[in-house]
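Next comes run_3.tsv, a file with TSV, C-alpha atoms and all ligand atoms.
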```tsv
chain	number	residue	atom	x	y	z
A	1	MET	CA	87.90	115.02	29.68
A	2	PHE	CA	87.13	116.32	33.15
A	3	GLY	CA	85.53	114.61	36.11
A	4	GLU	CA	82.13	115.70	37.36
A	5	VAL	CA	81.36	118.73	39.49
A	6	TRP	CA	79.63	117.58	42.68
A	7	VAL	CA	77.39	119.38	45.11
A	8	TYR	CA	76.90	117.72	48.48
A	9	ALA	CA	73.16	118.07	49.09
A	10	GLU	CA	72.72	118.88	52.76
A	11	GLN	CA	69.38	117.86	54.20
A	12	ARG	CA	67.99	118.18	57.69
A	13	GLN	CA	65.16	115.85	58.64
A	14	GLY	CA	64.46	115.22	54.97
A	15	LYS	CA	64.42	118.88	53.94
A	16	LEU	CA	67.04	120.23	51.54
A	17	LEU	CA	68.93	123.33	52.63
A	18	ASP	CA	68.73	126.33	50.28
A	19	VAL	CA	72.52	126.60	50.26
A	20	SER	CA	72.76	123.27	48.41
A	21	LEU	CA	70.40	124.53	45.71
A	22	GLU	CA	72.37	127.79	45.46
A	23	LEU	CA	75.55	125.75	45.00
A	24	LEU	CA	73.87	123.83	42.18
A	25	GLY	CA	73.42	127.21	40.42
A	26	LYS	CA	77.16	127.87	40.67
A	27	GLY	CA	77.87	124.21	39.85
A	28	ILE	CA	76.05	124.54	36.51
A	29	GLU	CA	78.43	127.36	35.50
A	30	LEU	CA	81.53	125.41	36.60
A	31	ALA	CA	80.44	122.19	34.88
A	32	GLN	CA	79.71	124.11	31.67
A	33	SER	CA	83.17	125.73	31.76
A	34	LEU	CA	84.76	122.28	32.10
A	35	GLY	CA	82.39	120.54	29.68
A	36	SER	CA	81.52	118.03	32.40
A	37	ASP	CA	78.37	116.91	34.25
A	38	LEU	CA	76.92	118.32	37.44
A	39	ALA	CA	76.07	115.70	40.05
A	40	SER	CA	74.71	115.89	43.56
A	41	VAL	CA	75.29	113.54	46.50
A	42	LEU	CA	72.57	112.74	49.03
A	43	ILE	CA	73.36	110.86	52.25
A	44	GLY	CA	70.80	109.81	54.86
A	45	ASP	CA	67.79	107.55	55.15
A	46	GLY	CA	64.44	107.89	53.36
A	47	ILE	CA	65.81	110.76	51.29
A	48	GLU	CA	65.62	109.44	47.71
A	49	ASN	CA	62.48	111.55	47.21
A	50	LEU	CA	64.75	114.63	47.31
A	51	ALA	CA	66.67	113.56	44.20
A	52	PRO	CA	64.12	114.88	41.63
A	53	GLU	CA	64.24	118.28	43.35
A	54	LEU	CA	68.03	118.41	42.89
A	55	ILE	CA	67.55	117.58	39.21
A	56	CYS	CA	64.98	120.41	38.88
A	57	TYR	CA	67.65	122.77	40.24
A	58	GLY	CA	70.35	121.67	37.79
A	59	ALA	CA	71.85	118.28	38.75
A	60	ASP	CA	72.38	115.93	35.79
A	61	LYS	CA	72.84	113.01	38.15
A	62	VAL	CA	72.13	112.30	41.82
A	63	TYR	CA	74.05	109.72	43.85
A	64	VAL	CA	71.80	108.47	46.67
A	65	LEU	CA	73.44	106.77	49.66
A	66	GLU	CA	70.69	105.50	51.98
A	67	ASP	CA	71.04	103.48	55.14
A	68	SER	CA	69.12	103.48	58.40
A	69	ARG	CA	72.42	103.89	60.28
A	70	ALA	CA	73.06	107.11	58.35
A	71	GLN	CA	69.66	108.57	59.22
A	72	LEU	CA	71.13	111.04	61.71
A	73	TYR	CA	74.17	113.09	60.75
A	74	GLU	CA	77.48	111.74	62.06
A	75	PRO	CA	80.55	113.61	60.74
A	76	ASN	CA	83.03	110.73	60.36
A	77	LEU	CA	80.52	108.40	58.74
A	78	TYR	CA	79.19	111.01	56.29
A	79	ALA	CA	82.75	112.11	55.39
A	80	ARG	CA	83.80	108.48	54.90
A	81	LEU	CA	80.83	107.76	52.62
A	82	LEU	CA	81.44	110.93	50.58
A	83	SER	CA	85.19	110.30	50.23
A	84	ASP	CA	84.73	106.62	49.28
A	85	LEU	CA	82.28	107.70	46.57
A	86	ALA	CA	84.75	110.35	45.41
A	87	ARG	CA	87.59	107.80	45.28
A	88	SER	CA	85.62	105.56	42.96
A	89	ASN	CA	84.13	108.30	40.75
A	90	GLU	CA	86.95	110.87	40.71
A	91	PRO	CA	84.99	114.12	40.61
A	92	GLU	CA	86.91	117.24	39.62
A	93	ILE	CA	85.27	119.51	42.18
A	94	ILE	CA	83.14	119.05	45.33
A	95	LEU	CA	81.09	121.99	46.65
A	96	LEU	CA	79.50	122.03	50.11
A	97	GLY	CA	77.57	124.61	52.10
A	98	ALA	CA	79.70	126.41	54.70
A	99	THR	CA	77.28	125.32	57.42
A	100	ALA	CA	78.38	123.72	60.69
A	101	LEU	CA	77.84	120.29	59.07
A	102	GLY	CA	79.32	121.18	55.67
A	103	GLY	CA	82.39	122.61	57.42
A	104	GLU	CA	82.97	119.33	59.27
A	105	ILE	CA	82.32	117.02	56.32
A	106	SER	CA	84.48	119.06	53.92
A	107	ALA	CA	87.46	119.12	56.28
A	108	ALA	CA	87.22	115.41	57.10
A	109	ALA	CA	86.67	114.39	53.46
A	110	GLY	CA	89.56	116.65	52.36
A	111	ALA	CA	91.87	114.90	54.84
A	112	ARG	CA	90.73	111.44	53.74
A	113	LEU	CA	91.21	112.33	50.06
A	114	ASN	CA	94.54	114.05	50.74
A	115	THR	CA	93.45	117.23	48.99
A	116	GLY	CA	92.87	120.88	49.86
A	117	VAL	CA	89.68	122.55	51.08
A	118	THR	CA	88.96	126.26	50.69
A	119	ALA	CA	86.36	127.40	53.20
A	120	HIS	CA	83.96	130.35	52.95
A	121	CYS	CA	84.47	131.19	49.27
A	122	ILE	CA	82.71	134.33	48.05
A	123	ASP	CA	83.11	133.37	44.38
A	124	LEU	CA	84.25	130.41	42.28
A	125	TYR	CA	85.24	130.25	38.63
A	126	ILE	CA	87.31	128.18	36.22
A	127	SER	CA	90.69	129.59	35.14
A	128	LYS	CA	92.19	129.47	31.63
A	129	GLU	CA	94.21	126.46	32.84
A	130	LEU	CA	90.85	124.85	33.71
A	131	ARG	CA	91.46	124.79	37.46
A	132	LEU	CA	88.94	126.01	40.03
A	133	ILE	CA	89.69	129.49	41.37
A	134	HIS	CA	88.48	129.87	44.95
A	135	VAL	CA	87.91	133.54	45.80
A	136	VAL	CA	88.03	134.49	49.49
A	137	PRO	CA	88.21	137.90	51.18
A	138	TRP	CA	91.69	139.03	52.13
A	139	LEU	CA	92.92	142.01	54.14
A	140	GLU	CA	92.47	145.71	53.25
A	141	ASN	CA	89.38	144.91	51.24
A	142	LYS	CA	91.27	142.81	48.70
A	143	VAL	CA	90.43	139.27	47.68
A	144	MET	CA	92.71	136.26	47.56
A	145	GLU	CA	92.41	133.69	44.76
A	146	ILE	CA	93.38	130.14	45.69
A	147	ILE	CA	94.16	127.24	43.35
A	148	CYS	CA	94.33	123.65	44.58
A	149	ARG	CA	96.69	121.48	42.53
A	150	ARG	CA	95.08	118.23	43.66
A	151	ASN	CA	91.75	116.65	42.90
A	152	PRO	CA	89.03	116.79	43.96
A	153	GLN	CA	89.13	120.54	44.49
A	154	ILE	CA	86.88	121.08	47.51
A	155	ALA	CA	85.21	124.40	48.35
A	156	THR	CA	82.56	125.62	50.76
A	157	ALA	CA	80.37	128.71	50.46
A	158	LYS	CA	77.95	130.19	52.91
A	159	PRO	CA	74.18	130.38	52.46
A	160	GLY	CA	73.19	133.43	50.42
A	161	VAL	CA	76.54	133.85	48.65
A	162	PHE	CA	75.28	132.42	45.33
A	163	LEU	CA	71.93	133.08	43.73
A	164	MET	CA	69.27	130.39	43.77
A	165	PRO	CA	68.93	128.96	40.22
A	166	THR	CA	65.52	128.84	38.57
A	167	ARG	CA	63.63	125.62	39.26
A	168	ASP	CA	62.82	123.74	36.06
A	169	GLU	CA	60.29	120.97	36.55
A	170	LYS	CA	60.96	119.57	33.07
A	171	ARG	CA	64.67	118.87	33.64
A	172	GLU	CA	65.65	115.24	33.44
A	173	GLY	CA	68.50	113.46	35.15
A	174	LYS	CA	69.68	110.12	36.49
A	175	VAL	CA	69.23	108.85	40.03
A	176	LEU	CA	71.89	106.32	41.04
A	177	ARG	CA	71.36	104.27	44.21
A	178	ILE	CA	74.77	103.49	45.70
A	179	PRO	CA	75.07	100.46	47.98
A	180	VAL	CA	76.22	101.58	51.42
A	181	GLU	CA	78.57	99.45	53.46
A	182	ILE	CA	78.83	100.26	57.14
A	183	ASP	CA	80.56	97.71	59.33
A	184	ALA	CA	79.37	96.91	62.84
A	185	GLU	CA	82.25	98.82	64.49
A	186	GLU	CA	81.39	101.98	62.62
A	187	PRO	CA	80.57	104.69	63.52
A	188	LYS	CA	82.59	104.96	66.73
A	189	VAL	CA	80.44	107.91	67.74
A	190	ARG	CA	76.69	107.65	67.25
A	191	THR	CA	74.20	110.50	67.03
A	192	VAL	CA	71.20	109.50	69.13
A	193	GLU	CA	69.05	112.58	68.89
A	194	VAL	CA	68.99	115.94	67.14
A	195	ASN	CA	67.57	118.95	68.99
A	196	GLU	CA	67.39	122.24	67.16
A	197	GLU	CA	67.93	125.34	69.26
A	198	LYS	CA	64.97	127.70	69.13
A	199	PRO	CA	66.14	131.22	68.23
A	200	LEU	CA	65.26	134.10	70.55
A	201	GLY	CA	63.60	137.05	68.84
A	202	VAL	CA	63.76	137.73	65.10
A	203	LEU	CA	65.96	135.33	63.09
A	204	LEU	CA	68.86	137.17	61.44
A	205	GLU	CA	68.47	135.34	58.13
A	206	GLU	CA	64.74	136.04	57.94
A	207	ALA	CA	64.59	139.62	59.23
A	208	ASP	CA	63.52	142.47	56.92
A	209	ILE	CA	65.68	144.83	58.95
A	210	VAL	CA	69.06	143.93	60.48
A	211	ILE	CA	71.04	146.22	62.79
A	212	SER	CA	74.65	145.28	63.23
A	213	GLY	CA	77.13	146.75	65.68
A	214	GLY	CA	80.92	146.78	65.69
A	215	TRP	CA	83.93	147.63	67.81
A	216	GLY	CA	82.74	151.26	67.87
A	217	LEU	CA	80.09	150.29	70.46
A	218	HIS	CA	82.95	149.67	72.92
A	219	SER	CA	81.14	147.24	75.29
A	220	ALA	CA	78.20	144.88	75.78
A	221	GLY	CA	76.40	147.86	77.32
A	222	GLY	CA	77.07	149.77	74.12
A	223	PHE	CA	74.70	147.33	72.38
A	224	GLU	CA	71.75	148.36	74.61
A	225	PRO	CA	70.71	151.34	72.42
A	226	VAL	CA	71.13	149.08	69.37
A	227	LYS	CA	68.71	146.58	70.93
A	228	THR	CA	66.29	149.42	71.74
A	229	LEU	CA	66.42	150.53	68.12
A	230	ALA	CA	65.91	146.92	67.00
A	231	GLY	CA	62.83	146.67	69.25
A	232	ILE	CA	61.32	149.78	67.65
A	233	LEU	CA	61.98	148.57	64.11
A	234	GLY	CA	61.25	144.85	64.68
A	235	ALA	CA	64.82	144.19	63.56
A	236	ALA	CA	67.29	141.40	64.27
A	237	VAL	CA	70.62	142.27	65.91
A	238	GLY	CA	73.99	141.12	64.58
A	239	GLY	CA	77.54	142.32	64.81
A	240	THR	CA	81.14	142.17	63.66
A	241	ARG	CA	83.75	139.66	64.71
A	242	PRO	CA	85.30	141.85	67.44
A	243	ALA	CA	81.84	142.30	69.01
A	244	VAL	CA	81.35	138.52	69.00
A	245	ASP	CA	84.90	137.76	70.17
A	246	LYS	CA	84.35	140.07	73.15
A	247	GLU	CA	81.03	138.24	73.81
A	248	TRP	CA	79.03	141.47	73.58
A	249	ILE	CA	76.60	139.49	71.42
A	250	PRO	CA	76.12	135.71	70.92
A	251	GLN	CA	78.48	133.75	68.66
A	252	ASP	CA	75.75	132.99	66.13
A	253	SER	CA	75.07	136.72	65.56
A	254	MET	CA	78.27	137.34	63.62
A	255	ILE	CA	77.78	138.80	60.15
A	256	GLY	CA	80.37	138.16	57.47
A	257	GLN	CA	82.68	135.63	55.92
A	258	SER	CA	82.98	133.55	59.09
A	259	GLY	CA	79.47	134.40	60.24
A	260	LYS	CA	76.08	134.76	58.61
A	261	THR	CA	75.04	136.14	55.23
A	262	VAL	CA	71.90	138.27	55.26
A	263	SER	CA	70.06	140.21	52.56
A	264	PRO	CA	67.38	142.28	54.31
A	265	GLU	CA	65.40	145.23	52.97
A	266	LEU	CA	67.38	147.50	55.31
A	267	PHE	CA	70.79	146.85	56.89
A	268	ILE	CA	71.99	149.35	59.50
A	269	SER	CA	75.70	149.15	60.35
A	270	ILE	CA	76.75	150.94	63.52
A	271	GLY	CA	80.38	151.61	64.46
A	272	ALA	CA	81.94	149.07	62.09
A	273	SER	CA	84.73	150.09	59.70
A	274	GLY	CA	83.59	147.93	56.75
A	275	ALA	CA	86.27	145.24	56.28
A	276	MET	CA	85.44	142.97	53.36
A	277	HIS	CA	85.29	139.98	55.72
A	278	TYR	CA	82.30	141.77	57.27
A	279	THR	CA	80.64	143.45	54.25
A	280	THR	CA	80.52	140.19	52.28
A	281	GLY	CA	77.87	139.11	54.78
A	282	PHE	CA	75.32	141.78	53.80
A	283	SER	CA	76.34	143.18	50.40
A	284	ARG	CA	73.05	142.04	48.84
A	285	SER	CA	70.89	144.08	51.25
A	286	LYS	CA	68.46	146.38	49.50
A	287	VAL	CA	69.37	149.55	51.40
A	288	ILE	CA	72.45	149.99	53.59
A	289	LEU	CA	72.62	152.72	56.22
A	290	ALA	CA	75.98	153.17	57.95
A	291	VAL	CA	76.97	155.20	61.00
A	292	ASP	CA	80.62	155.77	61.86
A	293	ARG	CA	82.69	158.67	63.16
A	294	ASN	CA	85.44	158.15	60.57
A	295	PRO	CA	84.40	159.72	57.23
A	296	GLU	CA	87.11	157.64	55.49
A	297	ALA	CA	85.77	154.31	56.80
A	298	PRO	CA	85.33	151.86	53.87
A	299	ILE	CA	81.78	151.11	55.03
A	300	PHE	CA	80.75	154.41	53.39
A	301	ASP	CA	81.90	153.12	49.97
A	302	MET	CA	79.05	150.63	49.95
A	303	ALA	CA	76.43	152.45	52.06
A	304	ASP	CA	73.41	153.98	50.35
A	305	VAL	CA	73.04	156.39	53.25
A	306	GLY	CA	75.95	157.37	55.51
A	307	ILE	CA	75.92	159.30	58.78
A	308	VAL	CA	79.29	160.55	60.02
A	309	GLY	CA	79.34	161.25	63.74
A	310	ASP	CA	79.87	159.90	67.22
A	311	LEU	CA	77.51	157.10	68.22
A	312	GLU	CA	76.83	158.81	71.53
A	313	ASP	CA	75.17	161.62	69.58
A	314	ILE	CA	73.72	159.69	66.65
A	315	LEU	CA	72.14	156.66	68.37
A	316	PRO	CA	69.76	158.60	70.67
A	317	TYR	CA	68.80	160.72	67.68
A	318	LEU	CA	68.08	157.65	65.50
A	319	ILE	CA	66.05	156.01	68.30
A	320	GLU	CA	63.90	159.10	68.72
A	321	GLU	CA	63.41	159.65	64.98
A	322	PHE	CA	62.44	156.02	64.30
A	323	ARG	CA	60.16	155.98	67.38
A	324	GLN	CA	58.32	159.01	66.07
A	325	ALA	CA	58.17	157.60	62.54
A	326	ARG	CA	56.72	154.31	63.87
A	327	LYS	CA	54.12	156.18	65.91
A	328	ALA	CA	53.10	158.22	62.88
A	329	ALA	CA	52.88	155.11	60.63
A	401	LIG	C1	89.84	134.99	57.75
A	401	LIG	C2	89.11	136.14	58.41
A	401	LIG	C3	87.73	136.04	58.53
A	401	LIG	C4	87.02	137.10	59.14
A	401	LIG	N1	85.65	137.01	59.21
A	401	LIG	C5	84.96	138.06	59.73
A	401	LIG	C6	83.52	138.02	59.76
A	401	LIG	O1	82.87	137.06	59.38
A	401	LIG	N2	82.88	139.11	60.26
A	401	LIG	C7	83.55	140.23	60.71
A	401	LIG	O2	82.90	141.19	61.14
A	401	LIG	N3	84.90	140.26	60.69
A	401	LIG	C8	85.61	139.22	60.23
A	401	LIG	N4	86.97	139.30	60.21
A	401	LIG	C9	87.63	140.48	60.83
A	401	LIG	C10	87.61	141.69	59.90
A	401	LIG	O3	88.73	141.63	59.03
A	401	LIG	C11	87.66	143.00	60.69
A	401	LIG	O4	88.76	142.99	61.56
A	401	LIG	C12	86.39	143.29	61.51
A	401	LIG	O5	85.24	143.19	60.69
A	401	LIG	C13	86.46	144.67	62.12
A	401	LIG	O6	85.36	144.86	62.97
A	401	LIG	P1	84.84	146.30	63.34
A	401	LIG	O7	84.47	147.03	62.09
A	401	LIG	O8	83.81	146.12	64.39
A	401	LIG	O9	86.12	146.97	64.04
A	401	LIG	P2	87.05	148.12	63.53
A	401	LIG	O10	87.63	147.82	62.19
A	401	LIG	O11	87.98	148.42	64.64
A	401	LIG	O12	86.06	149.35	63.33
A	401	LIG	C14	85.46	150.05	64.37
A	401	LIG	C15	84.79	151.29	63.77
A	401	LIG	O13	84.10	151.96	64.81
A	401	LIG	C16	84.25	153.35	64.60
A	401	LIG	N5	84.06	154.00	65.91
A	401	LIG	C17	84.77	153.82	67.05
A	401	LIG	N6	84.24	154.55	68.05
A	401	LIG	C18	83.18	155.19	67.53
A	401	LIG	C19	82.23	156.10	68.07
A	401	LIG	N7	82.25	156.47	69.36
A	401	LIG	N8	81.28	156.60	67.25
A	401	LIG	C20	81.22	156.24	65.93
A	401	LIG	N9	82.10	155.37	65.38
A	401	LIG	C21	83.06	154.85	66.17
A	401	LIG	C22	85.66	153.51	64.05
A	401	LIG	O14	85.76	154.73	63.32
A	401	LIG	C23	85.78	152.28	63.17
A	401	LIG	O15	85.41	152.56	61.82
A	401	LIG	C24	87.71	138.25	59.63
A	401	LIG	C25	89.09	138.32	59.50
A	401	LIG	C26	89.80	137.27	58.91
A	401	LIG	C27	91.29	137.37	58.78
```

As structure tokens, how would this structure be written, given the file I've shared?
Ligand SMILES: Cc1cc2nc3c(=O)[nH]c(=O)nc-3n(C[C@H](O)[C@H](O)[C@H](O)COP(=O)(O)OP(=O)(O)OC[C@H]3O[C@@H](n4cnc5c(N)ncnc54)[C@H](O)[C@@H]3O)c2cc1C
Amino acid sequence: MFGEVWVYAEQRQGKLLDVSLELLGKGIELAQSLGSDLASVLIGDGIENLAPELICYGADKVYVLEDSRAQLYEPNLYARLLSDLARSNEPEIILLGATALGGEISAAAGARLNTGVTAHCIDLYISKELRLIHVVPWLENKVMEIICRRNPQIATAKPGVFLMPTRDEKREGKVLRIPVEIDAEEPKVRTVEVNEEKPLGVLLEEADIVISGGWGLHSAGGFEPVKTLAGILGAAVGGTRPAVDKEWIPQDSMIGQSGKTVSPELFISIGASGAMHYTTGFSRSKVILAVDRNPEAPIFDMADVGIVGDLEDILPYLIEEFRQARKAA
């Protein structure tokens, strides 16, 4: 008999994040493989109305922890509430979105529960020994499979990694209100206000066209033609880890395992070799166009259209061609 599979349901200002619903889709598969139930955990204030939605997306049970002091996210408090609930209910697995918040809560809850956390999984399945296999990208386009010998087995996955399950309005499940105890000394740090940063330009996750640049652009200035091309196409601009590490583009523009997952109609990769840590961030794009001077670059294994050549020659050509095509359209 196995413990439940849990999905931590991340909500912001009373709105569920898609990643939590996507994790429910994966959670259904894992719970079926173990013959256990799928449950979801909601923490906040005035959020019980979200429980039926989680049931429609696959949860058999929803634990609701409501308290006015938990209205705004506070990492230590949320992690303490989640780990206390886990201690008393002994789930087998806990899945969280690999968001900024999910990353914090998973790490803090893992430490409190003295168990392991595998971040940024690109797949999850149950082994023959009935343990959770956490699949993460490794080097040279290989994957690494990780097993945690302790329970609960905690994993995070980024938005867009798993498919959204079908919503079924007729599904039935239980909603369990859990009494929340927060003593006067807790939390030591209090969130007083939440201000969301307004994105500049087209949002990466919502763009129909994404252009992403890599180390091959050589400098921040190397991104200028990429931005020009993005302006012509109405595209969002992203990039690889080296481009972000060098601060050629903002931190939140990174595509890949440690960055964002996108699935646009058209993804244009410019001067990036195609490491799996990067390609996992856009593998579900409809059409992938890649430009690189190395014909052996792994990016061409997944590209629908590949252009081999030096960016100095190719970029001006692409800008002109797309400008003309836009004018003609
Ligand atoms: C745990 C972990 C997580 C990671 N997460 C991420 C992640 O989320 N996102 C990410 O991107 N990386 C991530 N990485 C790093 C990743 O493994 C690669 O190192 C990185 O993606 C390489 O970036 P790149 O393709 O820009 O650089 P390179 O691999 O150096 O490729 C540069 C490419 O540019 C081409 N080039 C150079 N000059 C020109 C020119 N003039 N004209 C045309 N082509 C040219 C070269 O042929 C080459 O193919 C992670 C690594 C680890 C270990």

Per residue of chain A within 6 Å of ligand LIG 401 (chain A), what are the shortest atom pair and its distance in Å to one decimal, counting only C-alpha atoms and all ligand atoms, with rows by chain and residue number, as JSON lines?
```
{"residue": "A:Gly214", "atom": "CA", "partner": "A:LIG401", "partner_atom": "O8", "distance": 3.2}
{"residue": "A:Trp215", "atom": "CA", "partner": "A:LIG401", "partner_atom": "O8", "distance": 3.7}
{"residue": "A:Gly216", "atom": "CA", "partner": "A:LIG401", "partner_atom": "C17", "distance": 3.4}
{"residue": "A:Thr240", "atom": "CA", "partner": "A:LIG401", "partner_atom": "O2", "distance": 3.2}
{"residue": "A:Arg241", "atom": "CA", "partner": "A:LIG401", "partner_atom": "O2", "distance": 4.0}
{"residue": "A:Pro242", "atom": "CA", "partner": "A:LIG401", "partner_atom": "O6", "distance": 5.4}
{"residue": "A:Met254", "atom": "CA", "partner": "A:LIG401", "partner_atom": "N2", "distance": 6.0}
{"residue": "A:Ile255", "atom": "CA", "partner": "A:LIG401", "partner_atom": "N2", "distance": 5.1}
{"residue": "A:Gly256", "atom": "CA", "partner": "A:LIG401", "partner_atom": "O1", "distance": 3.3}
{"residue": "A:Gln257", "atom": "CA", "partner": "A:LIG401", "partner_atom": "O1", "distance": 3.7}
{"residue": "A:Ser258", "atom": "CA", "partner": "A:LIG401", "partner_atom": "O1", "distance": 3.5}
{"residue": "A:Gly259", "atom": "CA", "partner": "A:LIG401", "partner_atom": "O1", "distance": 4.4}
{"residue": "A:Gly271", "atom": "CA", "partner": "A:LIG401", "partner_atom": "O13", "distance": 3.8}
{"residue": "A:Ala272", "atom": "CA", "partner": "A:LIG401", "partner_atom": "O7", "distance": 3.2}
{"residue": "A:Ser273", "atom": "CA", "partner": "A:LIG401", "partner_atom": "O15", "distance": 3.3}
{"residue": "A:Gly274", "atom": "CA", "partner": "A:LIG401", "partner_atom": "O7", "distance": 5.5}
{"residue": "A:Ala275", "atom": "CA", "partner": "A:LIG401", "partner_atom": "O5", "distance": 5.0}
{"residue": "A:His277", "atom": "CA", "partner": "A:LIG401", "partner_atom": "C5", "distance": 4.5}
{"residue": "A:Tyr278", "atom": "CA", "partner": "A:LIG401", "partner_atom": "O2", "distance": 4.0}
{"residue": "A:Asp292", "atom": "CA", "partner": "A:LIG401", "partner_atom": "N9", "distance": 3.8}
{"residue": "A:Arg293", "atom": "CA", "partner": "A:LIG401", "partner_atom": "C20", "distance": 4.0}
{"residue": "A:Asn294", "atom": "CA", "partner": "A:LIG401", "partner_atom": "O14", "distance": 4.4}
{"residue": "A:Ala297", "atom": "CA", "partner": "A:LIG401", "partner_atom": "O15", "distance": 5.3}
{"residue": "A:Gly309", "atom": "CA", "partner": "A:LIG401", "partner_atom": "C20", "distance": 5.8}
{"residue": "A:Asp310", "atom": "CA", "partner": "A:LIG401", "partner_atom": "N8", "distance": 3.6}
{"residue": "A:Leu311", "atom": "CA", "partner": "A:LIG401", "partner_atom": "N8", "distance": 3.9}
```

message: For a quick check of understanding, using only C-alpha atoms, which of A:Ile270, A:Val262, A:Ala100, A:Cys56 has the smallest distance to A:Lys286?
response: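 Residue with the minimum atom-to-atom distance to A:Lys286: A:Val262.
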
* To do: Can you work out which one of A:Val64, A:Val226, A:Ile93, A:Ala39 has the shortest atom-to-atom distance to A:Glu312, counting only C-alpha atoms?
  =>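 Of A:Val64, A:Val226, A:Ile93, A:Ala39, the one nearest A:Glu312 is A:Val226, counting only C-alpha atoms.
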
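Counting only C-alpha atoms, the residue from A:Asp168, A:Leu34, A:Tyr73, A:Trp6 that sits nearest to A:Ile94 is A:Trp6.
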
Expressed in Å to a single decimal, how great is the separation between atom CA of A:Arg167 and atom CA of A:Ile28?
->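 Rounded to one decimal, the two atoms are 12.8 Å apart.
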
Residue among A:Val5, A:Leu96, A:Ile182, A:Ala108 lying closest to A:Glu66, counting all atoms listed in the file: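 Checking each candidate against A:Glu66, we get A:Ile182 as the closest.
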
Atom pair atom CA of A:Asp37 + atom CA of A:Leu132, distance 15.1 Å

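The interatomic distance for the pair atom CA of A:Ile299 and atom CA of A:Asn141 works out to 10.5 Å.
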
**Close residues, A:Gly239 itself excluded, 8 Å, only C-alpha atoms, min 3 positions apart in chain, as a PyMOL selection string** = chain A and resi 211-214+243-244+249+253-255

Fix up stretch 143-155 of chain A with N, CA and C atoms, then write it as a PDB file, in the coordinates of the input.
```pdb
ATOM      1  N   VAL A 143      90.786 140.688  47.628  1.00  0.00           N
ATOM      2  CA  VAL A 143      90.430 139.270  47.680  1.00  0.00           C
ATOM      3  C   VAL A 143      91.672 138.427  47.404  1.00  0.00           C
ATOM      4  N   MET A 144      91.609 137.190  47.829  1.00  0.00           N
ATOM      5  CA  MET A 144      92.710 136.260  47.560  1.00  0.00           C
ATOM      6  C   MET A 144      92.133 135.147  46.672  1.00  0.00           C
ATOM      7  N   GLU A 145      92.882 134.767  45.641  1.00  0.00           N
ATOM      8  CA  GLU A 145      92.410 133.690  44.760  1.00  0.00           C
ATOM      9  C   GLU A 145      93.287 132.458  44.999  1.00  0.00           C
ATOM     10  N   ILE A 146      92.649 131.362  45.305  1.00  0.00           N
ATOM     11  CA  ILE A 146      93.380 130.140  45.690  1.00  0.00           C
ATOM     12  C   ILE A 146      93.165 129.061  44.638  1.00  0.00           C
ATOM     13  N   ILE A 147      94.267 128.385  44.267  1.00  0.00           N
ATOM     14  CA  ILE A 147      94.160 127.240  43.350  1.00  0.00           C
ATOM     15  C   ILE A 147      94.632 126.012  44.107  1.00  0.00           C
ATOM     16  N   CYS A 148      93.903 124.913  43.977  1.00  0.00           N
ATOM     17  CA  CYS A 148      94.330 123.650  44.580  1.00  0.00           C
ATOM     18  C   CYS A 148      94.857 122.765  43.449  1.00  0.00           C
ATOM     19  N   ARG A 149      96.074 122.264  43.614  1.00  0.00           N
ATOM     20  CA  ARG A 149      96.690 121.480  42.530  1.00  0.00           C
ATOM     21  C   ARG A 149      96.258 120.025  42.553  1.00  0.00           C
ATOM     22  N   ARG A 150      95.517 119.634  43.592  1.00  0.00           N
ATOM     23  CA  ARG A 150      95.080 118.230  43.660  1.00  0.00           C
ATOM     24  C   ARG A 150      93.589 118.124  43.362  1.00  0.00           C
ATOM     25  N   ASN A 151      93.170 116.922  43.099  1.00  0.00           N
ATOM     26  CA  ASN A 151      91.750 116.650  42.900  1.00  0.00           C
ATOM     27  C   ASN A 151      91.262 115.680  43.960  1.00  0.00           C
ATOM     28  N   PRO A 152      89.994 115.765  44.354  1.00  0.00           N
ATOM     29  CA  PRO A 152      89.030 116.790  43.960  1.00  0.00           C
ATOM     30  C   PRO A 152      89.346 118.125  44.626  1.00  0.00           C
ATOM     31  N   GLN A 153      88.959 119.205  43.924  1.00  0.00           N
ATOM     32  CA  GLN A 153      89.130 120.540  44.490  1.00  0.00           C
ATOM     33  C   GLN A 153      87.863 120.804  45.319  1.00  0.00           C
ATOM     34  N   ILE A 154      88.046 120.990  46.622  1.00  0.00           N
ATOM     35  CA  ILE A 154      86.880 121.080  47.510  1.00  0.00           C
ATOM     36  C   ILE A 154      86.711 122.520  48.003  1.00  0.00           C
ATOM     37  N   ALA A 155      85.478 123.024  47.924  1.00  0.00           N
ATOM     38  CA  ALA A 155      85.210 124.400  48.350  1.00  0.00           C
ATOM     39  C   ALA A 155      83.906 124.460  49.126  1.00  0.00           C
TER      40      ALA A 155
END
```
